[in-house]
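Student: Just passing along the structure, written as structure tokens.
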Amino acid sequence: MSDIALTSFQGQPALALRAPDGARATVLLHGAHLVSWVPAGGEEQLYLSPDAKFGMGTAVRGGVPVIFPQFNERGPLPRHGLVRSRSWAPVESVVRAGHAIGVLRFTDDMATRTHWPHGFEAELTVSLAGRNLDIELAITNTGDTTFDFTAALHTYFHCHDLLKLQVEGLQGCDYEDMPDGLQGQQWGDVLTFVGPIDRIYKMVRRTLTLREIGRRTQVATSGFDDVVVWNPGEAGAAALSDMPDADWQNMLCVEAATIVDPVRLAPGQDWAGMQSLTA
Ligand SMILES: O=P(O)(O)OC[C@H]1O[C@H](O)[C@H](O)[C@@H](O)[C@@H]1O
């Protein structure tokens with residue numbers, strides 16, 4: 001085991017990252033799950049359900065779940081893949097050039113190979129300073145067979161009132177509504193919310209802006225092609241056992257994802273995708 005100092009968050013071992021300027025974040029070893037991000041001089045940016053469950057085999061409601069190698073139920077594997085409810089190994093927790101940096105790694109094992117017979121290594125790097133936070137997911141094919149995968153950084157943003165929040169930057173993007181698969185195209189540039197939404201926006205190339213009174217957060221991605229926008233709405237939240245009924249009004253998921261065109265990796269190849277947030 002490494003000599004990296006761990007803290008405890010909800011009884012779970014975690015990396016507590018703190019930059020010299022006061023920006024801070026917490027990443028659980030469980031799922032390499034970012035559960036908190038507070039920019040320098042700012043407030044918490046992520047939604048984490050007060051009813052979230054923690055521990056082996058569970059998926060944490062809120063923060064940034066890491067989805068790999070399958071998004072949702074779009075394939076034969078467990079919903080949202082194999083790594084969000086497993087323990088990752090801490091690799092590094094340092095301050096470098098003014099940034100707090102945490103790195104975690106997951107390597108295929110008997111449990112993943114039962115579902116998916118491939119050798120892989122997943123590495124998540126969180127780097128933050130000031131008002132910025134970058135999350136990078138890197139995947140290496142360490143086996144001897146080619147595989148395809150889909151992936152996402154399933155970021156739950158906290159908002160004060162979903163009905164007064166808007167997302168800008170998706171104009172002209174084609175989308176697929178889930179679960180019915182209806183296709184559409186984003187007409188106006190400003191997306192607002194009145195109820196549930198579950199949409200894959202395809203080939204998103206622009207920086208998105210989440211805006212509400214007194215706050216603006218920018219979301220840029222590289223390596224990921226798609227963006228999922230999800231909110232369960234009132235009835236959907238009531239059906240979730242790990243989220244208070246009213247909390248759908250205080251969160252919006254804007255997920256950096258690669259879903260429509262899965263990534264193909266030959267033995268020895270790697271891939272990386274990044275989501276960069278500026279508060
Ligand atoms: O409840 P979970 O398994 O964490 O999934 C939460 C949500 O994740 C994504 O955003 C999907 O697009 C939704 O269809 C799904 O409901």
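Quick note on naming: the chains in the structure tokens go A, B, ... in the order shown, residues restart at 1 in each chain, and ligands are numbered from 1 in order of appearance.
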With only C-alpha atoms as the counted atoms, please give the residues lying no more than 10 Å from stretch 204-213 of chain A, apart from itself and same-chain residues fewer than 3 positions off, as an MDAnalysis selection string.
Tutor: chainID A and resid 157 159:175 190:191 200:201 216:222 224:227 252 254 256:257 276:279
Student: Just want the residues within 7 Å of ligand 1, written as a list in words, counting only C-alpha atoms and all ligand atoms.
Tutor: Ala59, Arg61, Asn72, Arg79, His80, His154, Met178, Asp198, Arg199, Val228, Val229, Trp230, Pro232 and Cys253 of chain A
Student: Could you write out that same residue set with C-alpha atoms as a PDB file, in the first residue's frame?
Tutor:
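Output file again_34.pdb is given in full below:
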ATOM      1  CA  ALA A  59     -23.281   3.626  -6.504  1.00  0.00           C
ATOM      2  CA  ARG A  61     -25.841   9.466  -5.809  1.00  0.00           C
ATOM      3  CA  ASN A  72     -26.363   3.013 -18.765  1.00  0.00           C
ATOM      4  CA  ARG A  79     -25.854  -0.525 -15.603  1.00  0.00           C
ATOM      5  CA  HIS A  80     -23.163   2.151 -16.008  1.00  0.00           C
ATOM      6  CA  HIS A 154     -21.441  11.748 -14.804  1.00  0.00           C
ATOM      7  CA  MET A 178     -33.918   8.477 -23.626  1.00  0.00           C
ATOM      8  CA  ASP A 198     -32.569  12.534 -20.185  1.00  0.00           C
ATOM      9  CA  ARG A 199     -30.799  13.376 -23.406  1.00  0.00           C
ATOM     10  CA  VAL A 228     -25.644  13.811 -21.427  1.00  0.00           C
ATOM     11  CA  VAL A 229     -28.077  16.169 -19.721  1.00  0.00           C
ATOM     12  CA  TRP A 230     -30.117  14.440 -17.034  1.00  0.00           C
ATOM     13  CA  PRO A 232     -35.046  12.843 -12.958  1.00  0.00           C
ATOM     14  CA  CYS A 253     -26.212  16.310 -14.469  1.00  0.00           C
TER      15      CYS A 253
END
Student: So, counting only C-alpha atoms, which residue among A:Phe106, A:Phe193, A:Phe9, A:Phe71 is closest to A:Glu255?
Tutor: A:Phe71
Student: Considering only C-alpha atoms, state which residue in the set A:Pro244, A:Pro20, A:Gly31, A:Pro69 is at the smallest distance from A:Ser49.
Tutor: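 For A:Ser49, the nearest of the given residues is A:Pro244.
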Student: For stretch 2-49 of chain A versus stretch 135-138 of chain A, which residues have an atom no more than 12 Å away, and what is each residue's nearest atom pair and distance in Å rounded to one decimal, using only C-alpha atoms, chain-then-number order, as CSV?
Tutor:
residue,atom,partner,partner_atom,distance
A:Ala25,CA,A:Ile135,CA,11.3
A:Val27,CA,A:Ile135,CA,11.0
A:Ala32,CA,A:Leu137,CA,10.2
A:His33,CA,A:Ile135,CA,10.8
A:Leu34,CA,A:Ile135,CA,9.1
A:Trp37,CA,A:Ile135,CA,11.4
Student: Mind checking DSSP for stretch 87-121 of chain A and telling me the strand (DSSP E or B) residues as a PyMOL selection string?
Tutor: chain A and resi 87+89-96+99-107+120-121
Student: Could you pull out the helix (DSSP H, G or I) residues of stretch 21-252 of chain A from DSSP and send them as a list in words?
Tutor: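 In stretch 21-252 of chain A, DSSP puts these residues in helix (DSSP H, G or I): Met110, Ala111, Thr112, Arg113, Thr114, His115, Leu162, Leu163, Lys164, Gly233, Glu234, Ala235, Gly236, Ala237, Ala238, Asp245, Ala246, Asp247, Trp248, Gln249 and Asn250 of chain A.
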Student: Please, could you write that set of residues out with N, CA and C atoms as a PDB file, in the first residue's frame?
Tutor:
ATOM      1  N   MET A 110     -10.622 -10.364 -11.350  1.00  0.00           N
ATOM      2  CA  MET A 110     -11.523 -11.511 -11.574  1.00  0.00           C
ATOM      3  C   MET A 110     -12.967 -11.041 -11.719  1.00  0.00           C
ATOM      4  N   ALA A 111     -13.352 -10.078 -10.870  1.00  0.00           N
ATOM      5  CA  ALA A 111     -14.753  -9.631 -10.880  1.00  0.00           C
ATOM      6  C   ALA A 111     -15.106  -8.942 -12.200  1.00  0.00           C
ATOM      7  N   THR A 112     -14.192  -8.102 -12.718  1.00  0.00           N
ATOM      8  CA  THR A 112     -14.520  -7.430 -13.991  1.00  0.00           C
ATOM      9  C   THR A 112     -14.472  -8.428 -15.134  1.00  0.00           C
ATOM     10  N   ARG A 113     -13.511  -9.375 -15.061  1.00  0.00           N
ATOM     11  CA  ARG A 113     -13.369 -10.330 -16.176  1.00  0.00           C
ATOM     12  C   ARG A 113     -14.554 -11.306 -16.241  1.00  0.00           C
ATOM     13  N   THR A 114     -15.253 -11.479 -15.113  1.00  0.00           N
ATOM     14  CA  THR A 114     -16.467 -12.306 -15.133  1.00  0.00           C
ATOM     15  C   THR A 114     -17.498 -11.695 -16.085  1.00  0.00           C
ATOM     16  N   HIS A 115     -17.553 -10.352 -16.077  1.00  0.00           N
ATOM     17  CA  HIS A 115     -18.522  -9.662 -16.935  1.00  0.00           C
ATOM     18  C   HIS A 115     -17.958  -9.352 -18.313  1.00  0.00           C
ATOM     19  N   LEU A 162     -33.477  24.659 -10.063  1.00  0.00           N
ATOM     20  CA  LEU A 162     -33.381  24.148 -11.439  1.00  0.00           C
ATOM     21  C   LEU A 162     -34.247  24.949 -12.404  1.00  0.00           C
ATOM     22  N   LEU A 163     -35.393  25.408 -11.922  1.00  0.00           N
ATOM     23  CA  LEU A 163     -36.316  26.113 -12.822  1.00  0.00           C
ATOM     24  C   LEU A 163     -35.761  27.470 -13.254  1.00  0.00           C
ATOM     25  N   LYS A 164     -34.732  27.939 -12.556  1.00  0.00           N
ATOM     26  CA  LYS A 164     -34.116  29.222 -12.931  1.00  0.00           C
ATOM     27  C   LYS A 164     -32.710  29.033 -13.487  1.00  0.00           C
ATOM     28  N   GLY A 233     -36.517  14.777 -12.589  1.00  0.00           N
ATOM     29  CA  GLY A 233     -37.833  15.386 -12.380  1.00  0.00           C
ATOM     30  C   GLY A 233     -38.456  14.921 -11.074  1.00  0.00           C
ATOM     31  N   GLU A 234     -39.664  15.432 -10.815  1.00  0.00           N
ATOM     32  CA  GLU A 234     -40.307  15.196  -9.519  1.00  0.00           C
ATOM     33  C   GLU A 234     -40.634  13.704  -9.295  1.00  0.00           C
ATOM     34  N   ALA A 235     -41.291  13.093 -10.265  1.00  0.00           N
ATOM     35  CA  ALA A 235     -41.690  11.688 -10.092  1.00  0.00           C
ATOM     36  C   ALA A 235     -40.459  10.778 -10.109  1.00  0.00           C
ATOM     37  N   GLY A 236     -39.497  11.121 -10.966  1.00  0.00           N
ATOM     38  CA  GLY A 236     -38.283  10.305 -11.052  1.00  0.00           C
ATOM     39  C   GLY A 236     -37.488  10.347  -9.759  1.00  0.00           C
ATOM     40  N   ALA A 237     -37.411  11.534  -9.152  1.00  0.00           N
ATOM     41  CA  ALA A 237     -36.674  11.644  -7.883  1.00  0.00           C
ATOM     42  C   ALA A 237     -37.401  10.882  -6.779  1.00  0.00           C
ATOM     43  N   ALA A 238     -38.725  10.943  -6.794  1.00  0.00           N
ATOM     44  CA  ALA A 238     -39.505  10.237  -5.767  1.00  0.00           C
ATOM     45  C   ALA A 238     -39.269   8.725  -5.856  1.00  0.00           C
ATOM     46  N   ASP A 245     -37.071  13.558  -2.163  1.00  0.00           N
ATOM     47  CA  ASP A 245     -38.027  13.818  -3.242  1.00  0.00           C
ATOM     48  C   ASP A 245     -37.864  15.200  -3.869  1.00  0.00           C
ATOM     49  N   ALA A 246     -37.564  16.204  -3.043  1.00  0.00           N
ATOM     50  CA  ALA A 246     -37.529  17.584  -3.551  1.00  0.00           C
ATOM     51  C   ALA A 246     -36.203  17.958  -4.214  1.00  0.00           C
ATOM     52  N   ASP A 247     -35.201  17.094  -4.089  1.00  0.00           N
ATOM     53  CA  ASP A 247     -33.852  17.505  -4.500  1.00  0.00           C
ATOM     54  C   ASP A 247     -33.632  17.579  -6.005  1.00  0.00           C
ATOM     55  N   TRP A 248     -34.585  17.078  -6.803  1.00  0.00           N
ATOM     56  CA  TRP A 248     -34.423  17.217  -8.258  1.00  0.00           C
ATOM     57  C   TRP A 248     -34.315  18.694  -8.635  1.00  0.00           C
ATOM     58  N   GLN A 249     -34.823  19.565  -7.770  1.00  0.00           N
ATOM     59  CA  GLN A 249     -34.756  21.009  -8.058  1.00  0.00           C
ATOM     60  C   GLN A 249     -33.384  21.607  -7.756  1.00  0.00           C
ATOM     61  N   ASN A 250     -32.519  20.809  -7.143  1.00  0.00           N
ATOM     62  CA  ASN A 250     -31.214  21.332  -6.719  1.00  0.00           C
ATOM     63  C   ASN A 250     -30.042  20.680  -7.431  1.00  0.00           C
TER      64      ASN A 250
END
